[in-house]
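Engineer: Input file: upload39.cif. Contents: mmCIF, C-alpha atoms and all ligand atoms.
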```
data_input
#
loop_
_atom_site.label_atom_id
_atom_site.label_comp_id
_atom_site.auth_asym_id
_atom_site.auth_seq_id
_atom_site.Cartn_x
_atom_site.Cartn_y
_atom_site.Cartn_z
CA MET A 17 0.44 7.62 10.22
CA SER A 18 3.13 7.83 7.56
CA ILE A 19 5.97 5.37 7.40
CA GLU A 20 9.14 6.22 9.32
CA ILE A 21 12.53 6.38 7.61
CA VAL A 22 15.69 5.95 9.66
CA ARG A 23 19.19 6.28 8.27
CA THR A 24 21.60 5.36 11.05
CA VAL A 25 22.17 2.17 12.97
CA ALA A 26 21.84 4.14 16.23
CA ASP A 27 18.39 5.45 15.26
CA LEU A 28 17.34 1.99 14.05
CA ARG A 29 18.23 0.50 17.43
CA VAL A 30 16.29 3.20 19.30
CA ARG A 31 13.17 2.70 17.18
CA LEU A 32 13.25 -1.10 17.21
CA GLY A 33 14.07 -0.99 20.94
CA ASP A 34 10.76 0.86 21.50
CA TRP A 35 8.91 -1.89 19.65
CA LYS A 36 10.68 -4.60 21.62
CA CYS A 37 9.79 -2.85 24.89
CA SER A 38 6.13 -2.90 23.89
CA ALA A 39 6.43 -6.64 23.12
CA ARG A 40 6.08 -6.30 19.35
CA THR A 41 7.71 -9.02 17.27
CA ILE A 42 9.80 -7.64 14.42
CA GLY A 43 10.06 -8.84 10.84
CA LEU A 44 12.95 -7.67 8.66
CA VAL A 45 12.76 -7.49 4.87
CA PRO A 46 16.25 -6.73 3.50
CA THR A 47 16.25 -5.31 -0.05
CA MET A 48 18.39 -3.26 -2.39
CA GLY A 49 15.35 -1.20 -3.35
CA SER A 50 13.84 -0.94 -6.83
CA LEU A 51 10.91 -2.70 -5.21
CA HIS A 52 8.58 -4.95 -7.18
CA ASP A 53 5.81 -7.30 -6.18
CA GLY A 54 8.35 -9.97 -5.20
CA HIS A 55 9.67 -7.66 -2.47
CA LEU A 56 6.16 -6.61 -1.52
CA SER A 57 5.15 -10.25 -1.10
CA LEU A 58 7.92 -10.46 1.54
CA VAL A 59 6.46 -7.40 3.28
CA ARG A 60 3.01 -9.00 3.22
CA ARG A 61 4.40 -12.21 4.69
CA SER A 62 6.24 -10.27 7.40
CA LEU A 63 3.11 -8.29 8.27
CA ALA A 64 1.16 -11.53 8.60
CA ALA A 65 3.82 -13.22 10.74
CA THR A 66 5.12 -10.40 12.98
CA GLY A 67 3.90 -7.29 14.79
CA ARG A 68 6.14 -4.70 13.11
CA THR A 69 7.83 -4.80 9.71
CA CYS A 70 11.07 -3.04 8.88
CA LEU A 71 12.16 -2.94 5.24
CA THR A 72 15.77 -2.12 4.49
CA LEU A 73 16.85 -0.23 1.39
CA PHE A 74 20.58 -0.43 0.72
CA VAL A 75 22.35 -0.98 -2.59
CA ASN A 76 25.25 -2.87 -1.09
CA PRO A 77 28.51 -1.98 -2.89
CA GLY A 78 30.15 -5.02 -1.25
CA GLN A 79 28.25 -7.50 -3.43
CA PHE A 80 29.03 -5.93 -6.82
CA GLY A 81 32.15 -7.08 -8.61
CA ALA A 82 34.40 -4.90 -10.79
CA GLY A 83 32.61 -4.29 -14.08
CA GLU A 84 29.18 -5.10 -12.63
CA ASP A 85 26.22 -2.73 -12.55
CA LEU A 86 26.66 -0.93 -9.19
CA ALA A 87 26.41 2.53 -10.78
CA ALA A 88 23.53 1.57 -13.09
CA TYR A 89 21.53 -0.40 -10.51
CA PRO A 90 18.04 1.16 -10.47
CA ARG A 91 17.48 3.46 -7.48
CA ASP A 92 14.33 5.40 -6.61
CA GLU A 93 14.04 5.80 -2.86
CA ALA A 94 10.89 7.93 -2.93
CA ALA A 95 9.03 5.35 -5.03
CA ASP A 96 10.30 2.51 -2.82
CA VAL A 97 9.21 4.26 0.37
CA ALA A 98 5.76 4.94 -1.14
CA LEU A 99 5.38 1.27 -2.10
CA ALA A 100 6.51 0.06 1.33
CA GLU A 101 4.11 2.46 2.99
CA ALA A 102 1.18 1.48 0.76
CA GLU A 103 1.83 -2.16 1.63
CA GLY A 104 1.71 -1.37 5.35
CA ALA A 105 5.39 -1.66 6.35
CA HIS A 106 6.12 0.30 9.52
CA LEU A 107 9.70 1.46 9.01
CA VAL A 108 12.27 1.86 6.26
CA PHE A 109 15.94 1.61 7.17
CA ALA A 110 17.93 3.33 4.43
CA PRO A 111 21.51 3.68 5.67
CA THR A 112 24.31 5.37 3.80
CA ALA A 113 27.35 3.39 2.67
CA ASP A 114 29.40 5.38 5.21
CA ASP A 115 27.14 4.25 8.04
CA MET A 116 27.28 0.61 6.95
CA TYR A 117 30.99 0.63 6.11
CA PRO A 118 32.64 3.36 8.20
CA GLU A 119 36.30 4.26 7.87
CA GLY A 120 38.40 1.25 8.88
CA PHE A 121 35.72 -1.35 8.20
CA ALA A 122 37.53 -4.66 7.65
CA THR A 123 35.43 -7.67 8.65
CA GLN A 124 34.05 -10.07 6.06
CA VAL A 125 31.68 -13.00 6.45
CA ALA A 126 32.40 -15.87 4.08
CA VAL A 127 30.42 -19.08 3.72
CA PRO A 128 32.80 -21.38 1.84
CA GLY A 129 31.27 -24.36 0.08
CA LEU A 130 27.72 -23.11 -0.38
CA GLY A 131 29.00 -19.66 -1.26
CA ASP A 132 31.76 -20.72 -3.67
CA MET A 133 29.74 -22.60 -6.29
CA LEU A 134 27.26 -21.42 -8.98
CA GLU A 135 26.72 -17.68 -8.38
CA GLY A 136 29.83 -17.61 -6.19
CA GLU A 137 31.89 -19.07 -9.03
CA HIS A 138 30.50 -16.72 -11.68
CA ARG A 139 30.48 -13.65 -9.43
CA PRO A 140 33.60 -13.95 -7.24
CA GLY A 141 33.15 -12.19 -3.91
CA PHE A 142 29.39 -11.86 -4.37
CA PHE A 143 28.38 -14.04 -1.44
CA ILE A 144 31.02 -12.53 0.83
CA GLY A 145 29.37 -9.17 0.12
CA VAL A 146 25.87 -10.57 0.68
CA ALA A 147 26.77 -12.56 3.81
CA THR A 148 28.61 -9.59 5.34
CA VAL A 149 25.80 -7.09 4.81
CA VAL A 150 23.04 -9.52 5.82
CA ALA A 151 24.93 -10.48 8.99
CA LYS A 152 25.26 -6.76 9.79
CA LEU A 153 21.57 -6.04 9.12
CA LEU A 154 20.46 -8.99 11.25
CA VAL A 155 22.70 -7.99 14.15
CA GLN A 156 21.70 -4.32 13.83
CA ALA A 157 17.96 -5.04 13.90
CA LEU A 158 17.80 -8.39 15.74
CA PRO A 159 14.32 -9.14 14.40
CA GLU A 160 12.45 -12.33 15.29
CA CYS A 161 12.33 -13.26 11.63
CA ALA A 162 13.85 -12.11 8.32
CA PHE A 163 12.25 -12.77 4.94
CA PHE A 164 14.05 -13.58 1.67
CA GLY A 165 12.77 -14.71 -1.72
CA ASP A 166 13.31 -18.23 -3.04
CA LYS A 167 14.25 -16.48 -6.30
CA ASP A 168 17.78 -16.09 -4.91
CA TYR A 169 17.77 -19.68 -3.72
CA GLN A 170 21.52 -20.03 -3.20
CA GLN A 171 21.55 -16.72 -1.29
CA LEU A 172 18.80 -18.06 0.98
CA LEU A 173 20.86 -21.17 1.78
CA VAL A 174 23.98 -19.09 2.43
CA ILE A 175 22.00 -16.89 4.85
CA ARG A 176 20.48 -19.91 6.62
CA ARG A 177 24.02 -21.28 7.08
CA LEU A 178 25.48 -18.03 8.42
CA VAL A 179 22.79 -17.48 11.07
CA ILE A 180 23.38 -21.02 12.34
CA ASP A 181 27.16 -20.67 12.30
CA LEU A 182 27.22 -17.22 13.92
CA ASP A 183 24.47 -18.00 16.47
CA ILE A 184 22.37 -15.10 15.21
CA PRO A 185 18.97 -15.65 16.85
CA VAL A 186 16.82 -14.80 13.84
CA ALA A 187 14.49 -17.20 12.00
CA ILE A 188 15.05 -17.08 8.24
CA GLU A 189 11.96 -17.59 6.10
CA GLY A 190 12.12 -18.26 2.37
CA CYS A 191 9.11 -16.99 0.42
CA PRO A 192 7.77 -18.21 -2.95
CA ILE A 193 9.01 -16.68 -6.21
CA VAL A 194 6.60 -14.16 -7.71
CA ARG A 195 6.29 -14.49 -11.50
CA GLU A 196 4.81 -12.51 -14.35
CA PRO A 197 1.86 -14.26 -16.03
CA ASP A 198 4.26 -15.61 -18.70
CA GLY A 199 6.52 -17.16 -16.04
CA LEU A 200 9.35 -14.61 -15.85
CA ALA A 201 10.47 -14.28 -12.23
CA LEU A 202 10.20 -10.69 -10.98
CA ALA A 203 13.63 -9.09 -10.54
CA SER A 204 14.87 -5.52 -10.37
CA ARG A 205 17.30 -6.24 -13.21
CA ASN A 206 14.40 -7.13 -15.54
CA ALA A 207 14.32 -3.34 -16.03
CA TYR A 208 17.41 -3.73 -18.25
CA LEU A 209 15.50 -5.85 -20.81
CA THR A 210 14.49 -4.28 -24.12
CA ALA A 211 10.97 -5.04 -25.39
CA ASP A 212 12.36 -7.78 -27.64
CA GLU A 213 14.41 -9.32 -24.82
CA ARG A 214 11.41 -9.16 -22.48
CA ARG A 215 9.48 -11.34 -24.99
CA ARG A 216 12.33 -13.86 -25.00
CA ALA A 217 13.00 -13.85 -21.24
CA PRO A 218 10.30 -16.40 -20.17
CA ALA A 219 12.36 -19.03 -22.03
CA LEU A 220 14.46 -19.27 -18.86
CA TYR A 221 11.53 -20.42 -16.71
CA GLN A 222 10.30 -22.69 -19.52
CA ALA A 223 13.74 -24.28 -19.81
CA ILE A 224 14.19 -25.05 -16.10
CA SER A 225 10.57 -26.18 -15.72
CA GLY A 226 11.19 -28.54 -18.65
CA VAL A 227 14.29 -29.95 -16.92
CA ALA A 228 12.32 -30.48 -13.67
CA LYS A 229 9.54 -32.26 -15.56
CA ASP A 230 11.88 -34.39 -17.65
CA ILE A 231 14.04 -35.62 -14.78
CA THR A 232 10.97 -36.32 -12.65
CA GLY A 233 9.91 -38.55 -15.54
CA GLY A 234 13.29 -40.33 -15.40
CA ALA A 235 15.26 -38.40 -18.05
CA ASP A 236 19.05 -38.19 -17.74
CA VAL A 237 20.00 -35.04 -15.75
CA ALA A 238 23.02 -34.06 -17.87
CA ARG A 239 21.07 -34.51 -21.11
CA ALA A 240 18.10 -32.50 -19.80
CA CYS A 241 20.39 -29.62 -18.72
CA ALA A 242 22.23 -29.65 -22.06
CA GLY A 243 18.86 -29.50 -23.87
CA ALA A 244 17.80 -26.53 -21.75
CA THR A 245 21.09 -24.71 -22.45
CA LYS A 246 20.62 -25.23 -26.19
CA ALA A 247 17.02 -23.97 -25.98
CA LEU A 248 18.15 -20.80 -24.17
CA LEU A 249 20.81 -20.03 -26.77
CA GLU A 250 18.25 -20.59 -29.52
CA ALA A 251 15.83 -18.26 -27.71
CA GLY A 252 18.37 -15.43 -27.93
CA PHE A 253 20.29 -15.63 -24.65
CA SER A 254 23.90 -14.74 -25.42
CA ALA A 255 25.50 -16.96 -22.75
CA VAL A 256 24.35 -19.59 -20.31
CA ASP A 257 26.44 -19.64 -17.11
CA TYR A 258 24.75 -22.79 -15.83
CA VAL A 259 21.68 -24.95 -15.96
CA THR A 260 22.10 -27.51 -13.22
CA VAL A 261 20.23 -29.80 -10.86
CA ARG A 262 21.35 -29.64 -7.25
CA ASP A 263 20.40 -31.09 -3.89
CA ALA A 264 17.88 -28.68 -2.36
CA GLU A 265 19.87 -28.32 0.89
CA THR A 266 23.54 -28.77 0.05
CA LEU A 267 23.49 -27.62 -3.61
CA LYS A 268 25.70 -30.61 -4.45
CA PRO A 269 25.11 -31.98 -7.97
CA VAL A 270 22.53 -34.75 -8.19
CA SER A 271 22.13 -37.30 -10.94
CA ASP A 272 18.47 -38.17 -10.43
CA ALA A 273 15.30 -36.87 -8.78
CA SER A 274 15.29 -39.31 -5.85
CA ARG A 275 15.86 -36.56 -3.23
CA PRO A 276 14.44 -33.01 -3.01
CA ALA A 277 16.34 -31.05 -5.63
CA ARG A 278 16.34 -27.72 -7.37
CA VAL A 279 16.96 -26.83 -11.00
CA LEU A 280 18.97 -23.59 -11.05
CA ALA A 281 20.01 -21.49 -14.01
CA ALA A 282 21.76 -18.24 -14.85
CA ALA A 283 21.96 -16.77 -18.33
CA GLN A 284 22.69 -13.49 -20.04
CA LEU A 285 20.01 -11.75 -22.11
CA GLY A 286 21.17 -8.41 -23.47
CA LYS A 287 22.39 -6.35 -20.53
CA ALA A 288 20.49 -8.45 -17.98
CA ARG A 289 21.92 -11.48 -16.27
CA LEU A 290 18.85 -13.48 -15.26
CA ILE A 291 18.74 -16.19 -12.61
CA ASP A 292 15.86 -18.50 -11.77
CA ASN A 293 15.16 -21.83 -10.11
CA VAL A 294 12.37 -24.35 -9.61
CA ALA A 295 11.84 -27.22 -7.20
CA VAL A 296 11.99 -30.78 -8.52
O1 LIG B 301 18.61 -10.06 -2.41
C1 LIG B 301 19.00 -8.88 -2.27
O2 LIG B 301 18.30 -7.92 -2.64
C2 LIG B 301 20.33 -8.60 -1.61
O3 LIG B 301 21.27 -9.56 -1.96
C3 LIG B 301 20.23 -8.45 -0.09
C4 LIG B 301 19.79 -9.74 0.59
C5 LIG B 301 19.26 -7.34 0.28
C6 LIG B 301 21.61 -8.08 0.49
O4 LIG B 301 22.07 -6.89 -0.04
#
```
As structure tokens, please, write out the structure in this file.
Structural biologist:
Amino acid sequence: MSIEIVRTVADLRVRLGDWKCSARTIGLVPTMGSLHDGHLSLVRRSLAATGRTCLTLFVNPGQFGAGEDLAAYPRDEAADVALAEAEGAHLVFAPTADDMYPEGFATQVAVPGLGDMLEGEHRPGFFIGVATVVAKLLVQALPECAFFGDKDYQQLLVIRRLVIDLDIPVAIEGCPIVREPDGLALASRNAYLTADERRRAPALYQAISGVAKDITGGADVARACAGATKALLEAGFSAVDYVTVRDAETLKPVSDASRPARVLAAAQLGKARLIDNVAV
């Protein structure tokens, strides 16, 4: 049977309601499309953990700032649907912007603190856009579980916070980052890299892995991050927004590796702004 595509919240509720009536557990995989193996690993995890998997395809205008790449963001719905179907997903929810944000739409979900730092500082409004659309998708579908990649680690923590704060009864599962053989984390925006930039891009993973290794061995955190920033600039990145070591739950800065921590980085390479993180 071929995969179903639904485009309205009303149709989504009818379809998922049928599954709920037949006691199927539902897994939700929210995406902005341009699917790669990182997304498909979330589908695989959902298929293993739940009875029915719904993948959402929606390039959310609310999380793009002025001057960002909303218009250029890669879109290929037919290819995405084919990939979701080949992986075994049961349903694609591909709403229009008008259905998600009808005339008069005004509500925003903000997660101050976690959502203001790092990506929130460099991309003002980004996490309000993410939190708002994810809250909507979770309430629309009310799955048992929703799956997000550790690649967007700060996003994952913001989403964990919002479901607790808003009493949304959905388990949030973070899934491991999928990397190319040379270490580059899979991301839809990798498509912006030229061949030369693609060769340079793994320097980001090397730099943060080096920080994790050095501070585990007792190196000074600030010095390790400064060394990584220098290495990225030397590798051809044009700007480094941050290389930082943060508490794995609160994202507050840490000065040693005595508690679970995460090295997070964001840097510009050509037209692509790459982010990555590793556990310490
Ligand atoms: O990670 C993404 O692709 C997006 O931020 C998400 C969670 C689908 C919300 O638009």
Engineer: Have a look at A:Val150, A:Cys37, A:Val227, A:Leu173 and name the one nearest to ligand LIG 301 (chain B); count only C-alpha atoms and all ligand atoms.
Structural biologist: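 Using only C-alpha atoms and all ligand atoms, the shortest distance to ligand LIG 301 (chain B) belongs to A:Val150.
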Engineer: Within 10 Å of Ala95 (chain A), counting only C-alpha atoms, which residues qualify if same-chain residues fewer than 4 places away don't, as a PyMOL selection string?
Structural biologist: chain A and resi 49-51+91+99-101
Engineer: Return as an NGL selection string the residues of protein, DNA or RNA that approach ligand LIG 301 (chain B) to within 10 Å, with only C-alpha atoms and all ligand atoms taken into account.
Structural biologist: :A and (45-51 or 55 or 71-80 or 142-143 or 145-151 or 153 or 163-169 or 171-172 or 175 or 203-204)
Engineer: For C-alpha atoms, I'd like the residues from the last selection saved as a PDB file, in the frame of the given file.
Structural biologist:
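Writing the result to out13.pdb gives the following:
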```
ATOM      1  CA  VAL A  45      12.760  -7.490   4.870  1.00  0.00           C
ATOM      2  CA  PRO A  46      16.250  -6.730   3.500  1.00  0.00           C
ATOM      3  CA  THR A  47      16.250  -5.310  -0.050  1.00  0.00           C
ATOM      4  CA  MET A  48      18.390  -3.260  -2.390  1.00  0.00           C
ATOM      5  CA  GLY A  49      15.350  -1.200  -3.350  1.00  0.00           C
ATOM      6  CA  SER A  50      13.840  -0.940  -6.830  1.00  0.00           C
ATOM      7  CA  LEU A  51      10.910  -2.700  -5.210  1.00  0.00           C
ATOM      8  CA  HIS A  55       9.670  -7.660  -2.470  1.00  0.00           C
ATOM      9  CA  LEU A  71      12.160  -2.940   5.240  1.00  0.00           C
ATOM     10  CA  THR A  72      15.770  -2.120   4.490  1.00  0.00           C
ATOM     11  CA  LEU A  73      16.850  -0.230   1.390  1.00  0.00           C
ATOM     12  CA  PHE A  74      20.580  -0.430   0.720  1.00  0.00           C
ATOM     13  CA  VAL A  75      22.350  -0.980  -2.590  1.00  0.00           C
ATOM     14  CA  ASN A  76      25.250  -2.870  -1.090  1.00  0.00           C
ATOM     15  CA  PRO A  77      28.510  -1.980  -2.890  1.00  0.00           C
ATOM     16  CA  GLY A  78      30.150  -5.020  -1.250  1.00  0.00           C
ATOM     17  CA  GLN A  79      28.250  -7.500  -3.430  1.00  0.00           C
ATOM     18  CA  PHE A  80      29.030  -5.930  -6.820  1.00  0.00           C
ATOM     19  CA  PHE A 142      29.390 -11.860  -4.370  1.00  0.00           C
ATOM     20  CA  PHE A 143      28.380 -14.040  -1.440  1.00  0.00           C
ATOM     21  CA  GLY A 145      29.370  -9.170   0.120  1.00  0.00           C
ATOM     22  CA  VAL A 146      25.870 -10.570   0.680  1.00  0.00           C
ATOM     23  CA  ALA A 147      26.770 -12.560   3.810  1.00  0.00           C
ATOM     24  CA  THR A 148      28.610  -9.590   5.340  1.00  0.00           C
ATOM     25  CA  VAL A 149      25.800  -7.090   4.810  1.00  0.00           C
ATOM     26  CA  VAL A 150      23.040  -9.520   5.820  1.00  0.00           C
ATOM     27  CA  ALA A 151      24.930 -10.480   8.990  1.00  0.00           C
ATOM     28  CA  LEU A 153      21.570  -6.040   9.120  1.00  0.00           C
ATOM     29  CA  PHE A 163      12.250 -12.770   4.940  1.00  0.00           C
ATOM     30  CA  PHE A 164      14.050 -13.580   1.670  1.00  0.00           C
ATOM     31  CA  GLY A 165      12.770 -14.710  -1.720  1.00  0.00           C
ATOM     32  CA  ASP A 166      13.310 -18.230  -3.040  1.00  0.00           C
ATOM     33  CA  LYS A 167      14.250 -16.480  -6.300  1.00  0.00           C
ATOM     34  CA  ASP A 168      17.780 -16.090  -4.910  1.00  0.00           C
ATOM     35  CA  TYR A 169      17.770 -19.680  -3.720  1.00  0.00           C
ATOM     36  CA  GLN A 171      21.550 -16.720  -1.290  1.00  0.00           C
ATOM     37  CA  LEU A 172      18.800 -18.060   0.980  1.00  0.00           C
ATOM     38  CA  ILE A 175      22.000 -16.890   4.850  1.00  0.00           C
ATOM     39  CA  ALA A 203      13.630  -9.090 -10.540  1.00  0.00           C
ATOM     40  CA  SER A 204      14.870  -5.520 -10.370  1.00  0.00           C
TER      41      SER A 204
END
```
Engineer: Residues within 12 Å of Leu267 (chain A), please, as a list in words. Count only C-alpha atoms; anything in the same chain fewer than 3 positions from it doesn't count.
Structural biologist: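 The neighbour list is Gly129, Leu130, Gly131, Asp132, Met133, Leu134, Glu135, Tyr169, Gln170, Gln171, Leu172, Leu173, Val174, Thr260, Val261, Arg262, Asp263, Ala264, Val270, Arg275, Pro276, Ala277, Arg278, Val279 and Leu280 of chain A.
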Engineer: Hey, which of A:Gly234, A:Gly226, A:Gly190, A:Gly136 ends up closest to Asp257 (chain A)? Count only C-alpha atoms.
Structural biologist: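 The answer is A:Gly136, which sits nearest to Asp257 (chain A).
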Engineer: Taking all atoms listed in the file into account, which of A:Lys287, A:Arg139, A:Arg214, A:Arg61 comes nearest Glu189 (chain A)?
Structural biologist: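 The closest residue to Glu189 (chain A) is A:Arg61.
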Engineer: Which residue, A:Asp181, A:Glu84, A:Asp230, A:Asp96, has the smallest gap to Ala126 (chain A) when you use all atoms listed in the file?
Structural biologist: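 Nearest to Ala126 (chain A): A:Asp181.
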Engineer: Calculate how many Å separate CA of Leu209 (chain A) from CA of Glu250 (chain A), rounding to one decimal.
Structural biologist: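 Result for CA of Leu209 (chain A) versus CA of Glu250 (chain A): 17.3 Å, one decimal.
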Engineer: Give the answer as one residue: which of A:Leu285, A:Arg205, A:Ile231, A:Glu213 has the shortest atom-to-atom distance to Ala88 (chain A), using all atoms listed in the file?
Structural biologist: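 Result for the nearest residue to Ala88 (chain A): A:Arg205.
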Engineer: Please provide the set of residues having any atom within 10 Å of Asp27 (chain A), restricted to all atoms listed in the file, with same-chain residues fewer than 6 positions apart removed, written as a list in words.
Structural biologist: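 So the residues in contact are Ile21, Gly33 and Phe109 of chain A.
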Engineer: Which residue gives the smallest distance to Arg60 (chain A) among A:Ala87, A:Ala105, A:Leu182, A:Ala219, with all atoms listed in the file counted?
Structural biologist: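 For Arg60 (chain A), the nearest of the given residues is A:Ala105.
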Engineer: Fewer than 5 positions away in the same chain doesn't count, so skip those; otherwise give me all residues within 9 Å of Tyr258 (chain A), counting only C-alpha atoms, as a list in words.
Structural biologist: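 My reading of the contact set: Leu134, Cys241, Thr245, Leu280, Ala281, Ala282 and Ala283 of chain A.
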